[in-house]
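Presented below is the structure to which this report refers.
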Amino acid sequence: MQLYDLELSGNCYKVRLFAALAGIELELVPVDLSAGEQKNAAFTALNPWQEVPVLVDGPTVIRDSQAILVYLAAKLETRSWWPEDGRSQALVMEWLSIAASEIRNGPNTARLIRKFGYPLDMEAAIRWTDRLLPRIDAYLTAHDWLALGHPTIADCAVFPYLALAPEGGIDLVPYLALQRWFDRVRALHGFVSIPGLS
C-alpha cells in the first residue's frame, strides 16, 4: 500500500501513527505541497481535492485521513482498533467527527496560521479551541482512552493536532488529563513521532 504523504501534515501523521501501532507496512510517497505537486495531473487523478493523505491499495484509493484509518483498521485480523459492532463504531465515529470538525477548526487552524503562515482567522481558531480543550480534558479525567476502554483509531485521529497545538500558540499546561493521555499514547508499542512534537 502506498501513502501519499507530507511529513509535517498532522492528517498524514494520523495514518503513519496508526500504521506503526498496528504493524501495517506503508510505502510513503512524499508530496511536495510547497512546489505544487498536489496540483499536477497524476496526483489530481488520485485526489481531485488535491490534498494529502491519499492511500492507494491496488485499485482502491482512499482520500481522507479518517476514512483511511477506518479502511486500514477494518483490514486487520484483530478488530480492537475498529470494532465490528455498531455501538462501538458509533463511539469511535464521534471522535473521528470531532477530529474533522472541532479540532480542524481549532488547534489545527491555529497551527496552520502560526507555523505555516496561512491567512486564516486566528480569533475563530481560538474560540473553537477554548470550547474544545476543557471538554476533552474533563472527559479524560474519567477515561483512559477516547472511544472505548482501550486504544482505537479515535485516539490516532485526535492525538496529532492536539499534541501539536503548542505550534499554534495553544497553551496545554492547564489540561492535566489531556497531558496524561498524551503520555499513554506515546507509551503505546510502535509509537512514532512527528517533527514539532514536544
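Scheme for the C-alpha cells: letters A, B, ... for chains in order shown; per-chain residue numbers from 1; ligand numbers from 1 in order shown.
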
(message) Please identify the alpha helix (DSSP H) residues within chain A (assignment by DSSP from backbone atoms) and present them as an NGL selection string.
(response) :A and (10-22 or 41-46 or 65-75 or 86-98 or 109-116 or 122-140 or 153-163 or 176-186)

(request) Pick out the residues sitting within 12 Å of Leu176 of chain A, and hand them over as an MDAnalysis selection string; count only C-alpha atoms, and ignore anything fewer than 3 positions along from it in its own chain. (result) chainID A and resid 133:134 136:141 171:173 179:183

Can I get the selection written as a PDB file, in the first residue's frame, with C-alpha atoms?
```pdb
ATOM      1  CA  LEU A 133      -9.963  21.642  25.197  1.00  0.00           C
ATOM      2  CA  PRO A 134     -11.844  21.910  28.526  1.00  0.00           C
ATOM      3  CA  ILE A 136     -11.795  16.859  26.178  1.00  0.00           C
ATOM      4  CA  ASP A 137      -9.783  17.357  29.361  1.00  0.00           C
ATOM      5  CA  ALA A 138     -12.887  16.805  31.501  1.00  0.00           C
ATOM      6  CA  TYR A 139     -13.724  13.659  29.556  1.00  0.00           C
ATOM      7  CA  LEU A 140     -10.200  12.305  30.001  1.00  0.00           C
ATOM      8  CA  THR A 141     -10.315  12.779  33.765  1.00  0.00           C
ATOM      9  CA  ASP A 171      -1.090  26.548  25.987  1.00  0.00           C
ATOM     10  CA  LEU A 172      -1.735  22.958  27.083  1.00  0.00           C
ATOM     11  CA  VAL A 173      -0.294  23.341  30.604  1.00  0.00           C
ATOM     12  CA  GLN A 179      -1.313  15.558  29.036  1.00  0.00           C
ATOM     13  CA  ARG A 180      -1.639  12.205  30.814  1.00  0.00           C
ATOM     14  CA  TRP A 181      -3.471  10.859  27.747  1.00  0.00           C
ATOM     15  CA  PHE A 182      -0.637  12.137  25.530  1.00  0.00           C
ATOM     16  CA  ASP A 183       1.744  10.097  27.705  1.00  0.00           C
TER      17      ASP A 183
END
```

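With distances restricted to only C-alpha atoms, A:Arg111 is the closest residue to Ala163 of chain A from A:Lys39, A:Lys75, A:Arg127, A:Arg111.
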
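In this structure, atom CA of Trp49 of chain A sits 17.3 Å away from atom CA of Gly10 of chain A.
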
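Going from atom CA of Ala73 of chain A over to atom CA of Ser9 of chain A, you cover 20.4 Å.
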
Closest contacts (segment 44-122 of chain A/segment 29-37 of chain A, max 9 Å, only C-alpha atoms) as a tab-separated table:
```
residue	atom	partner	partner_atom	distance
A:Gln50	CA	A:Glu37	CA	8.8
A:Glu51	CA	A:Leu33	CA	8.7
A:Val52	CA	A:Val31	CA	7.8
```

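For the residues A:Ser65, A:Leu55, A:Ala42, A:Val192, ranking by smallest atom-to-atom distance to Ser97 of chain A using only C-alpha atoms places A:Ser65 first.
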
(request) Name all residues at most 9 Å from segment 77-84 of chain A (count only C-alpha atoms; drop same-chain ones fewer than 5 positions away) and give them as a list in words. (result) Ala22, Leu69, Val70, Gln89, Val92, His150, Pro151, Thr152, Ile153 and Ala154 of chain A

(message) List as a PyMOL selection string the protein and nucleic acid residues near Tyr161 of chain A, meaning an atom at most 12 Å away when only C-alpha atoms are counted, but skip any in the same chain fewer than 6 places from it.
(response) chain A and resi 8-14+98-112+129+133+155+167-168+170+172+182+194+196-197

Looking only at strand (DSSP E) from DSSP on the backbone, list the matching residues of chain A as a compact mmCIF listing (two decimals) with N, CA and C atoms, in the first residue's frame.
```
# COMPACT_ATOMS: atom_id res chain seq x y z
N GLN A 2 0.47 2.22 -0.74
CA GLN A 2 1.20 3.48 -0.82
C GLN A 2 0.42 4.58 -0.10
N LEU A 3 1.15 5.39 0.66
CA LEU A 3 0.56 6.56 1.30
C LEU A 3 1.22 7.80 0.72
N TYR A 4 0.45 8.61 0.02
CA TYR A 4 0.93 9.90 -0.47
C TYR A 4 0.92 10.84 0.73
N ASP A 5 2.09 11.36 1.07
CA ASP A 5 2.36 11.84 2.42
C ASP A 5 3.10 13.17 2.41
N GLU A 27 4.24 2.14 2.01
CA GLU A 27 5.28 2.80 1.21
C GLU A 27 4.92 4.28 1.16
N LEU A 28 5.76 5.12 1.73
CA LEU A 28 5.49 6.55 1.76
C LEU A 28 5.93 7.19 0.45
N VAL A 29 5.02 7.96 -0.14
CA VAL A 29 5.30 8.70 -1.37
C VAL A 29 5.20 10.19 -1.02
N PRO A 30 6.34 10.87 -0.83
CA PRO A 30 6.29 12.27 -0.44
C PRO A 30 5.64 13.14 -1.52
N VAL A 54 -3.35 10.47 0.79
CA VAL A 54 -4.10 9.59 -0.09
C VAL A 54 -3.51 8.20 0.06
N LEU A 55 -4.35 7.20 0.26
CA LEU A 55 -3.90 5.81 0.35
C LEU A 55 -4.29 5.10 -0.93
N VAL A 56 -3.32 4.38 -1.51
CA VAL A 56 -3.58 3.57 -2.69
C VAL A 56 -3.29 2.12 -2.34
N ASP A 57 -4.31 1.29 -2.43
CA ASP A 57 -4.21 -0.14 -2.14
C ASP A 57 -4.72 -0.88 -3.37
N THR A 60 -7.92 0.36 -5.08
CA THR A 60 -8.67 1.17 -4.10
C THR A 60 -7.90 2.43 -3.76
N VAL A 61 -8.57 3.57 -3.84
CA VAL A 61 -7.97 4.86 -3.48
C VAL A 61 -8.85 5.51 -2.41
N ILE A 62 -8.23 5.82 -1.27
CA ILE A 62 -8.95 6.45 -0.15
C ILE A 62 -8.31 7.81 0.08
```

(request) Kindly give the distance, in Å, that separates atom CA of Pro174 of chain A and atom CA of Ile126 of chain A, rounded to a single decimal. (result) 15.4 Å
